[in-house]
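K.L.:
Okay, so here is run-v4.txt, and as you'll see once you scroll down, it has compact mmCIF, C-alpha atoms and all ligand atoms.
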# COMPACT_ATOMS: atom_id res chain seq x y z
CA MET A 1 0.00 0.00 0.00
CA LYS A 2 1.34 3.40 -0.89
CA VAL A 3 0.66 6.49 1.18
CA ALA A 4 0.56 9.99 -0.22
CA ALA A 5 3.07 12.20 1.51
CA PHE A 6 1.53 15.11 3.42
CA CYS A 7 3.32 18.35 2.70
CA THR A 8 2.51 21.27 4.99
CA SER A 9 5.57 23.37 4.26
CA GLY A 10 4.58 27.02 3.87
CA ILE A 11 0.88 26.24 4.49
CA LYS A 12 -0.95 27.22 7.61
CA VAL A 13 -3.02 24.30 8.84
CA PRO A 14 -5.90 25.31 11.13
CA GLY A 15 -6.10 23.48 14.45
CA LYS A 16 -9.36 21.69 13.53
CA ALA A 17 -7.93 20.48 10.18
CA LEU A 18 -4.79 19.25 11.94
CA ALA A 19 -6.93 17.28 14.40
CA VAL A 20 -8.77 15.62 11.46
CA LEU A 21 -5.43 14.84 9.81
CA VAL A 22 -4.07 13.23 12.99
CA PHE A 23 -7.30 11.24 13.37
CA PHE A 24 -7.03 9.78 9.84
CA ALA A 25 -3.31 9.08 10.32
CA PHE A 26 -4.28 7.16 13.47
CA ILE A 27 -6.91 5.14 11.56
CA PHE A 28 -4.40 4.37 8.79
CA PHE A 29 -1.72 3.23 11.23
CA ASN A 30 -4.13 0.92 13.02
CA ALA A 31 -5.32 -0.61 9.74
CA HIS A 32 -1.76 -1.75 9.20
CA ALA A 33 -1.48 -3.18 12.67
CA GLN A 34 -4.76 -5.09 12.42
CA GLY A 35 -4.54 -8.81 13.18
CA ASP A 36 -1.05 -8.22 14.58
CA SER A 37 0.49 -8.23 11.10
CA SER A 38 2.58 -5.63 9.33
CA ASP A 39 3.40 -4.94 5.68
CA SER A 40 6.52 -3.26 4.37
CA SER A 41 8.14 -2.76 0.97
CA HIS A 42 11.88 -3.02 0.43
CA ASN A 43 13.28 -1.48 -2.75
CA PHE A 44 16.66 -2.20 -4.31
CA LEU A 45 17.78 -0.13 -7.28
CA VAL A 46 19.71 -1.96 -10.04
CA GLY A 47 20.42 0.26 -13.04
CA ARG A 48 17.12 2.04 -13.68
CA THR A 49 14.99 -0.81 -12.29
CA THR A 50 13.64 -0.97 -8.78
CA ILE A 51 13.49 -4.53 -7.49
CA THR A 52 10.76 -4.66 -4.84
CA TYR A 53 10.19 -7.21 -2.10
CA LYS A 54 6.97 -7.08 -0.11
CA SER A 55 7.30 -8.36 3.43
CA THR A 56 4.29 -9.37 5.52
CA CYS A 57 5.01 -10.36 9.10
CA HIS A 58 2.52 -11.92 11.49
CA GLY A 59 2.74 -11.93 15.29
CA THR A 60 6.06 -12.04 17.05
CA GLN A 61 9.24 -12.70 15.09
CA SER A 62 9.79 -16.44 14.84
CA GLY A 63 13.17 -16.45 13.11
CA VAL A 64 11.53 -18.17 10.13
CA VAL A 65 11.10 -16.47 6.77
CA PHE A 66 8.93 -17.75 3.91
CA ILE A 67 10.07 -16.59 0.46
CA SER A 68 8.26 -16.48 -2.88
CA LEU A 69 10.55 -15.44 -5.76
CA HIS A 70 8.46 -16.41 -8.80
CA GLU A 71 5.46 -14.09 -8.86
CA ASN A 72 3.75 -16.11 -11.61
CA GLU A 73 3.49 -19.09 -9.20
CA GLU A 74 0.35 -17.74 -7.62
CA THR A 75 -0.85 -20.82 -5.71
CA ALA A 76 2.27 -20.77 -3.53
CA ALA A 77 2.07 -17.10 -2.51
CA VAL A 78 -1.73 -16.93 -2.09
CA THR A 79 -1.84 -20.13 -0.01
CA ALA A 80 1.11 -19.08 2.15
CA ASN A 81 -0.37 -15.64 2.80
CA ARG A 82 -3.64 -17.19 3.92
CA PHE A 83 -1.89 -19.87 5.97
CA LEU A 84 0.47 -17.50 7.83
CA ASP A 85 -2.39 -15.06 8.46
CA SER A 86 -4.47 -17.79 10.09
CA LEU A 87 -1.42 -18.97 12.03
CA GLY A 88 -0.50 -15.46 13.20
CA SER A 89 3.18 -16.21 12.92
CA HIS A 90 6.26 -15.88 10.65
CA CYS A 91 7.10 -13.49 7.78
CA LEU A 92 6.41 -13.89 4.06
CA VAL A 93 8.69 -12.08 1.62
CA GLN A 94 7.46 -11.84 -1.99
CA LEU A 95 9.30 -10.52 -5.01
CA VAL A 96 6.87 -8.17 -6.75
CA HIS A 97 7.54 -7.79 -10.47
CA ASP A 98 4.39 -7.35 -12.59
CA LYS A 99 3.34 -10.98 -11.94
CA GLN A 100 6.24 -12.13 -14.12
CA ARG A 101 8.48 -15.12 -13.48
CA LEU A 102 11.59 -13.42 -14.83
CA LEU A 103 13.06 -10.11 -13.73
CA SER A 104 13.58 -7.46 -16.43
CA VAL A 105 16.35 -5.05 -15.49
CA SER A 106 16.99 -1.86 -17.42
CA PHE A 107 20.71 -1.18 -17.37
CA LEU A 108 22.74 1.31 -19.46
CA GLY A 109 20.04 1.61 -22.11
CA LYS A 110 19.31 -2.10 -22.51
CA THR A 111 16.92 -4.54 -20.84
CA TYR A 112 18.25 -7.80 -19.41
CA ARG A 113 16.20 -10.74 -18.22
CA LEU A 114 17.09 -13.11 -15.41
CA ASP A 115 15.52 -15.76 -13.23
CA PRO A 116 15.32 -14.47 -9.62
CA ASN A 117 16.03 -18.00 -8.41
CA ARG A 118 19.32 -18.09 -10.34
CA MET A 119 20.97 -14.94 -9.01
CA TRP A 120 22.25 -16.04 -5.58
CA SER A 121 25.80 -16.97 -6.68
CA LYS A 122 28.11 -15.27 -9.16
CA GLN A 123 28.51 -18.52 -11.11
CA GLY A 124 24.75 -19.11 -11.38
CA LEU A 125 23.94 -15.46 -12.08
CA GLU A 126 26.43 -15.20 -14.94
CA ALA A 127 25.27 -18.53 -16.41
CA ASN A 128 21.64 -17.39 -16.28
CA LEU A 129 22.36 -13.96 -17.81
CA ARG A 130 24.34 -15.67 -20.57
CA TYR A 131 21.52 -18.16 -21.19
CA LEU A 132 18.78 -15.50 -21.38
CA ASN A 133 20.68 -12.54 -22.89
CA LYS A 134 23.88 -13.87 -24.49
CA ARG A 135 25.85 -10.69 -23.61
CA PHE A 136 25.80 -8.49 -20.53
CA PRO A 137 28.11 -5.96 -18.84
CA ASP A 138 30.21 -6.96 -15.81
CA GLU A 139 28.83 -3.96 -13.93
CA LEU A 140 25.34 -5.47 -14.13
CA VAL A 141 26.63 -8.58 -12.33
CA THR A 142 28.28 -6.36 -9.68
CA GLN A 143 25.08 -4.41 -9.05
CA LEU A 144 22.88 -7.51 -8.95
CA GLN A 145 25.26 -9.14 -6.48
CA ARG A 146 25.22 -5.99 -4.33
CA HIS A 147 21.41 -6.22 -4.28
CA THR A 148 21.41 -9.90 -3.22
CA LEU A 149 23.89 -9.10 -0.45
CA ARG A 150 21.64 -6.33 0.83
CA PHE A 151 18.65 -8.69 0.59
CA ARG A 152 20.48 -11.24 2.74
CA LYS A 153 21.35 -8.63 5.36
CA GLN A 154 17.72 -7.50 5.43
CA PHE A 155 15.94 -10.87 5.47
CA PHE A 156 18.37 -13.62 6.47
CA PHE A 157 19.95 -12.04 9.53
CA ASN A 158 19.52 -14.35 12.51
CA ARG A 159 17.16 -16.67 10.65
CA ARG A 160 16.69 -20.19 11.94
CA LEU A 161 14.98 -21.38 8.78
CA VAL A 162 14.28 -20.25 5.21
CA VAL A 163 11.17 -21.73 3.60
CA ALA A 164 11.00 -21.33 -0.20
CA LEU A 165 7.63 -21.57 -1.94
CA HIS A 166 7.40 -22.80 -5.52
CA ASN A 167 4.89 -24.23 -7.97
CA ASN A 168 5.72 -26.45 -10.90
CA THR A 169 3.74 -27.78 -13.84
CA ASN A 170 2.59 -31.33 -14.52
CA ASN A 171 5.27 -33.60 -16.01
CA GLY A 172 7.97 -30.91 -15.64
CA PHE A 173 10.32 -30.31 -12.72
CA SER A 174 9.64 -32.91 -10.01
CA VAL A 175 11.35 -35.09 -7.41
CA ARG A 176 12.38 -37.31 -10.34
CA SER A 177 14.56 -34.44 -11.62
CA PHE A 178 16.91 -35.25 -8.71
CA MET A 179 17.09 -38.97 -9.54
CA LYS A 180 19.37 -40.75 -11.96
CA GLY A 181 18.84 -39.36 -15.46
CA GLY A 182 17.26 -36.13 -14.13
CA GLY A 183 18.61 -32.62 -14.73
CA ASN A 184 19.30 -32.01 -11.03
CA TYR A 185 20.76 -35.44 -10.21
CA GLN A 186 24.15 -33.91 -9.30
CA ASP A 187 22.53 -31.58 -6.70
CA ALA A 188 21.06 -34.33 -4.50
CA LEU A 189 22.83 -36.14 -1.69
CA GLU A 190 19.82 -38.37 -1.07
CA VAL A 191 16.34 -38.74 -2.56
CA HIS A 192 13.23 -40.40 -1.20
CA LEU A 193 10.40 -40.99 -3.67
CA ASN A 194 7.01 -42.09 -2.44
CA PRO A 195 5.61 -43.77 -5.57
CA ALA A 196 2.05 -43.44 -4.22
CA HIS A 197 2.30 -39.61 -4.41
CA ASP A 198 2.33 -37.20 -7.34
CA PRO A 199 6.09 -36.61 -7.92
CA ASP A 200 5.37 -32.88 -8.53
CA ASN A 201 4.63 -32.44 -4.81
CA PHE A 202 7.81 -32.79 -2.76
CA PHE A 203 10.25 -31.10 -0.39
CA ILE A 204 13.85 -30.05 -0.93
CA VAL A 205 15.83 -29.67 2.31
CA THR A 206 19.42 -28.97 3.35
CA GLU A 207 19.37 -30.66 6.78
CA GLN A 208 19.61 -34.41 7.29
CA PRO A 209 17.16 -34.48 10.28
CA HIS A 210 14.55 -32.66 8.19
CA PHE A 211 15.05 -35.17 5.37
CA THR A 212 14.62 -38.12 7.75
CA HIS A 213 11.56 -36.55 9.40
CA LEU A 214 9.77 -35.81 6.11
CA LYS A 215 10.66 -39.23 4.71
CA GLN A 216 9.20 -40.88 7.81
CA LEU A 217 5.99 -38.90 7.26
CA GLY A 218 5.79 -40.46 3.79
CA TYR A 219 6.64 -37.41 1.67
CA SER A 220 8.90 -37.40 -1.35
CA VAL A 221 11.94 -35.41 -0.33
CA VAL A 222 15.38 -34.41 -1.63
CA LEU A 223 18.42 -33.77 0.58
CA HIS A 224 20.38 -31.02 -1.22
CA LYS A 225 24.17 -31.17 -1.36
CA ARG A 226 26.16 -28.43 0.35
CA LYS A 227 28.48 -28.06 -2.65
CA THR A 228 28.65 -29.25 -6.24
CA SER A 229 30.93 -28.35 -9.15
CA PHE A 230 28.19 -26.08 -10.52
CA ASP A 231 26.21 -23.75 -8.26
CA ASP A 232 23.18 -22.73 -10.33
CA GLY A 233 22.48 -19.63 -8.21
CA SER A 234 19.27 -20.91 -6.64
CA LEU A 235 18.30 -20.04 -3.08
CA SER A 236 18.82 -23.69 -2.08
CA PHE A 237 22.54 -23.46 -2.94
CA LEU A 238 22.91 -20.14 -1.12
CA CYS A 239 21.38 -21.58 2.05
CA ALA A 240 23.23 -24.89 1.77
CA ARG A 241 26.69 -23.33 1.51
CA ASN A 242 25.97 -20.80 4.28
CA ASN A 243 24.57 -23.38 6.69
CA ILE A 244 21.15 -21.73 6.74
CA PRO A 245 18.50 -24.46 7.19
CA TYR A 246 16.29 -24.43 4.11
CA ILE A 247 13.08 -26.16 3.08
CA ASN A 248 11.45 -25.80 -0.31
CA ALA A 249 7.82 -26.86 -0.63
CA GLU A 250 7.37 -27.71 -4.32
CA VAL A 251 3.73 -28.17 -5.33
CA GLU A 252 1.99 -28.46 -8.67
CA GLU A 253 0.40 -25.13 -9.65
CA GLY A 254 -3.26 -24.93 -8.62
CA ASN A 255 -3.06 -27.53 -5.84
CA SER A 256 -3.73 -25.21 -2.94
CA GLU A 257 -4.90 -28.08 -0.74
CA LYS A 258 -1.56 -29.92 -1.00
CA GLN A 259 0.35 -26.64 -0.52
CA SER A 260 -1.59 -25.96 2.72
CA GLU A 261 -0.96 -29.51 3.93
CA MET A 262 2.77 -29.21 3.29
CA LEU A 263 2.91 -25.80 4.98
CA MET A 264 1.27 -27.35 8.03
CA VAL A 265 3.93 -30.08 8.02
CA ILE A 266 6.63 -27.37 7.95
CA HIS A 267 4.90 -25.50 10.77
CA ASP A 268 4.84 -28.68 12.89
CA LEU A 269 8.50 -29.23 12.08
CA ILE A 270 9.34 -25.66 13.15
CA ASN A 271 7.59 -26.19 16.48
CA THR A 272 8.95 -29.62 17.27
CA ARG A 273 12.26 -30.13 15.51
CA LEU A 274 13.89 -26.84 14.65
CA ASN A 275 16.26 -27.05 17.58
CA ASP A 276 17.26 -30.52 16.50
CA GLN A 277 19.32 -29.34 13.54
CA SER A 278 22.43 -31.31 12.91
CA THR A 279 25.46 -30.36 10.89
CA SER A 280 26.72 -33.91 10.69
CA ARG A 281 26.38 -34.23 6.94
CA ASN A 282 28.91 -33.06 4.34
ZN ZN B 1 9.42 -21.16 -8.64
Mind converting the file's structure to structure tokens?
Ligand SMILES: [Zn+2]
P.N.:
Amino acid sequence: MKVAAFCTSGIKVPGKALAVLVFFAFIFFNAHAQGDSSDSSHNFLVGRTTITYKSTCHGTQSGVVFISLHENEETAAVTANRFLDSLGSHCLVQLVHDKQRLLSVSFLGKTYRLDPNRMWSKQGLEANLRYLNKRFPDELVTQLQRHTLRFRKQFFFNRRLVVALHNNTNNGFSVRSFMKGGGNYQDALEVHLNPAHDPDNFFIVTEQPHFTHLKQLGYSVVLHKRKTSFDDGSLSFLCARNNIPYINAEVEEGNSEKQSEMLMVIHDLINTRLNDQSTSRN
């Protein structure tokens, strides 16, 4: 929500008008505080493009942040917003970019496209810019990296867990992508596939205890490696190499019911097992 700035410079405001102004300011402030949640926008300028993240926090700070980077994956963000609102806990950070999956950045007179879930390492960022634009200036990489660093300082400081929210399409990216013959096979340390479930609905985690827990519950789940020869710049790699516990709930687009169920599983895990994080794996 944007608020018009009130400018009173050089204007005499009568006492009665000022009282009305204060009253409406009070109403506005309380509307934001309703339900013990707060909204804020965080803007990062890259070239001539403002990259905006909307943060909605509920209740007291839990040390857990939910992140939606692909704005076109609507089921994930809408379901999470509703879920966290009903829970009255945690923060949701959403990249806002005209409902598009890819970021378009205007830089030195040209427009460059990039996947916001491929910009979290220099290696992945450069590979993605090359893939989508062929050529790009080094300064663009520098500025994008500066923005991701500022994002991390803003949203990852003191976090106990990062929860990524994604939707995929039928017969595309799935838990099978991390199995032999799949495009992400090299990223997985361990994979559990429940053949009774739709392979599009699964978790990706960076902590062994989380993997074991979700496997025991019967979910398909991938344990992400800490390091591989190629870091594709996704948030999972960033969290894995910085020892930030990470869970990605991958759900087929449109399946709000499954997304809610998996968010509830994560919520239970936060309450019961978050202090049981082990760093025993490589
Ligand atoms: Zn996504």
K.L.:
Where does chain A meet ligand ZN 1 (chain B) within 8 Å, residue by residue, with the nearest atom pair and distance in Å to one decimal for each, counting only C-alpha atoms and all ligand atoms, listed by chain and rising number, as JSON lines?
P.N.:
{"residue": "A:Ser68", "atom": "CA", "partner": "B:ZN1", "partner_atom": "ZN", "distance": 7.5}
{"residue": "A:Leu69", "atom": "CA", "partner": "B:ZN1", "partner_atom": "ZN", "distance": 6.5}
{"residue": "A:His70", "atom": "CA", "partner": "B:ZN1", "partner_atom": "ZN", "distance": 4.8}
{"residue": "A:Glu73", "atom": "CA", "partner": "B:ZN1", "partner_atom": "ZN", "distance": 6.3}
{"residue": "A:Arg101", "atom": "CA", "partner": "B:ZN1", "partner_atom": "ZN", "distance": 7.8}
{"residue": "A:Asn117", "atom": "CA", "partner": "B:ZN1", "partner_atom": "ZN", "distance": 7.3}
{"residue": "A:Leu165", "atom": "CA", "partner": "B:ZN1", "partner_atom": "ZN", "distance": 6.9}
{"residue": "A:His166", "atom": "CA", "partner": "B:ZN1", "partner_atom": "ZN", "distance": 4.1}
{"residue": "A:Asn167", "atom": "CA", "partner": "B:ZN1", "partner_atom": "ZN", "distance": 5.5}
{"residue": "A:Asn168", "atom": "CA", "partner": "B:ZN1", "partner_atom": "ZN", "distance": 6.8}
K.L.:
Quick one: pull the distance between atom CA of Ala164 of chain A and atom CA of Tyr185 of chain A, Å, one decimal.
P.N.:
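About the pair atom CA of Ala164 of chain A and atom CA of Tyr185 of chain A: they are 19.9 Å apart.
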K.L.:
Would you kindly identify which residues have an atom no farther than 9 Å from (14.1, -21.6, 11.6), using all atoms listed in the file and the file's own coordinates, and write them out as a PDB file with C-alpha atoms, in the frame of the given file?
P.N.:
ATOM      1  CA  SER A  62       9.790 -16.440  14.840  1.00  0.00           C
ATOM      2  CA  GLY A  63      13.170 -16.450  13.110  1.00  0.00           C
ATOM      3  CA  VAL A  64      11.530 -18.170  10.130  1.00  0.00           C
ATOM      4  CA  VAL A  65      11.100 -16.470   6.770  1.00  0.00           C
ATOM      5  CA  ARG A 159      17.160 -16.670  10.650  1.00  0.00           C
ATOM      6  CA  ARG A 160      16.690 -20.190  11.940  1.00  0.00           C
ATOM      7  CA  LEU A 161      14.980 -21.380   8.780  1.00  0.00           C
ATOM      8  CA  VAL A 162      14.280 -20.250   5.210  1.00  0.00           C
ATOM      9  CA  VAL A 163      11.170 -21.730   3.600  1.00  0.00           C
ATOM     10  CA  ILE A 244      21.150 -21.730   6.740  1.00  0.00           C
ATOM     11  CA  PRO A 245      18.500 -24.460   7.190  1.00  0.00           C
ATOM     12  CA  TYR A 246      16.290 -24.430   4.110  1.00  0.00           C
ATOM     13  CA  ILE A 270       9.340 -25.660  13.150  1.00  0.00           C
ATOM     14  CA  LEU A 274      13.890 -26.840  14.650  1.00  0.00           C
ATOM     15  CA  ASN A 275      16.260 -27.050  17.580  1.00  0.00           C
TER      16      ASN A 275
END
K.L.:
So that I can check the surroundings of Thr169 of chain A, please list as an MDAnalysis selection string every protein, DNA and RNA residue that reaches within 12 Å of it, counting all atoms listed in the file and ignoring chain neighbours fewer than 2 positions away.
P.N.:
chainID A and resid 72:73 75 166:167 171:174 198:201 250:255
K.L.:
Which neighbours of Asn128 of chain A fall inside 7 Å, counting only C-alpha atoms, when residues of the same chain fewer than 4 positions from it are skipped, and could you give them as a VMD selection string?
P.N.:
chain A and resid 114 118 124 132
K.L.:
Between A:Phe237, A:Tyr131, A:Phe151, A:Phe211, single out the one closest to Thr52 of chain A, counting all atoms listed in the file.
P.N.:
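Answer, going by the shortest atom-to-atom distance: A:Phe151.
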K.L.:
Mind checking which residues fall within 10 Å of Phe178 of chain A, counting all atoms listed in the file, ignoring those fewer than 6 positions away in the same chain, and posting them as an mmCIF file with C-alpha atoms, in the frame of the given file?
P.N.:
data_model
loop_
_atom_site.group_PDB
_atom_site.id
_atom_site.type_symbol
_atom_site.label_atom_id
_atom_site.label_comp_id
_atom_site.auth_asym_id
_atom_site.auth_seq_id
_atom_site.Cartn_x
_atom_site.Cartn_y
_atom_site.Cartn_z
ATOM 1 C CA ASN A 184 19.300 -32.010 -11.030
ATOM 2 C CA TYR A 185 20.760 -35.440 -10.210
ATOM 3 C CA GLN A 186 24.150 -33.910 -9.300
ATOM 4 C CA ASP A 187 22.530 -31.580 -6.700
ATOM 5 C CA ALA A 188 21.060 -34.330 -4.500
ATOM 6 C CA LEU A 189 22.830 -36.140 -1.690
ATOM 7 C CA GLU A 190 19.820 -38.370 -1.070
ATOM 8 C CA VAL A 191 16.340 -38.740 -2.560
ATOM 9 C CA HIS A 192 13.230 -40.400 -1.200
ATOM 10 C CA ILE A 204 13.850 -30.050 -0.930
ATOM 11 C CA VAL A 221 11.940 -35.410 -0.330
ATOM 12 C CA VAL A 222 15.380 -34.410 -1.630
ATOM 13 C CA LEU A 223 18.420 -33.770 0.580
ATOM 14 C CA HIS A 224 20.380 -31.020 -1.220
#
K.L.:
Can you work out the spacing between atom CA of Asp39 of chain A and atom CA of Cys239 of chain A in Å, to one decimal?
P.N.:
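So the two atoms, atom CA of Asp39 of chain A and atom CA of Cys239 of chain A, lie 24.8 Å apart.
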K.L.:
For Leu144 of chain A, work out the shell of residues within 10 Å, counting only C-alpha atoms and skipping chain neighbours fewer than 2 positions away, then give it as a list in words.
P.N.:
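Final neighbour list, sorted by chain and number: Phe44, Leu45, Val46, Gly47, Ile51, Val105, Met119, Trp120, Lys122, Leu125, Glu139, Leu140, Val141, Thr142, Arg146, His147, Thr148, Leu149 and Arg150 of chain A.
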K.L.:
Work out how far atom CA of His210 of chain A is from atom CA of Asn243 of chain A, in Å to one decimal.
P.N.:
13.7 Å
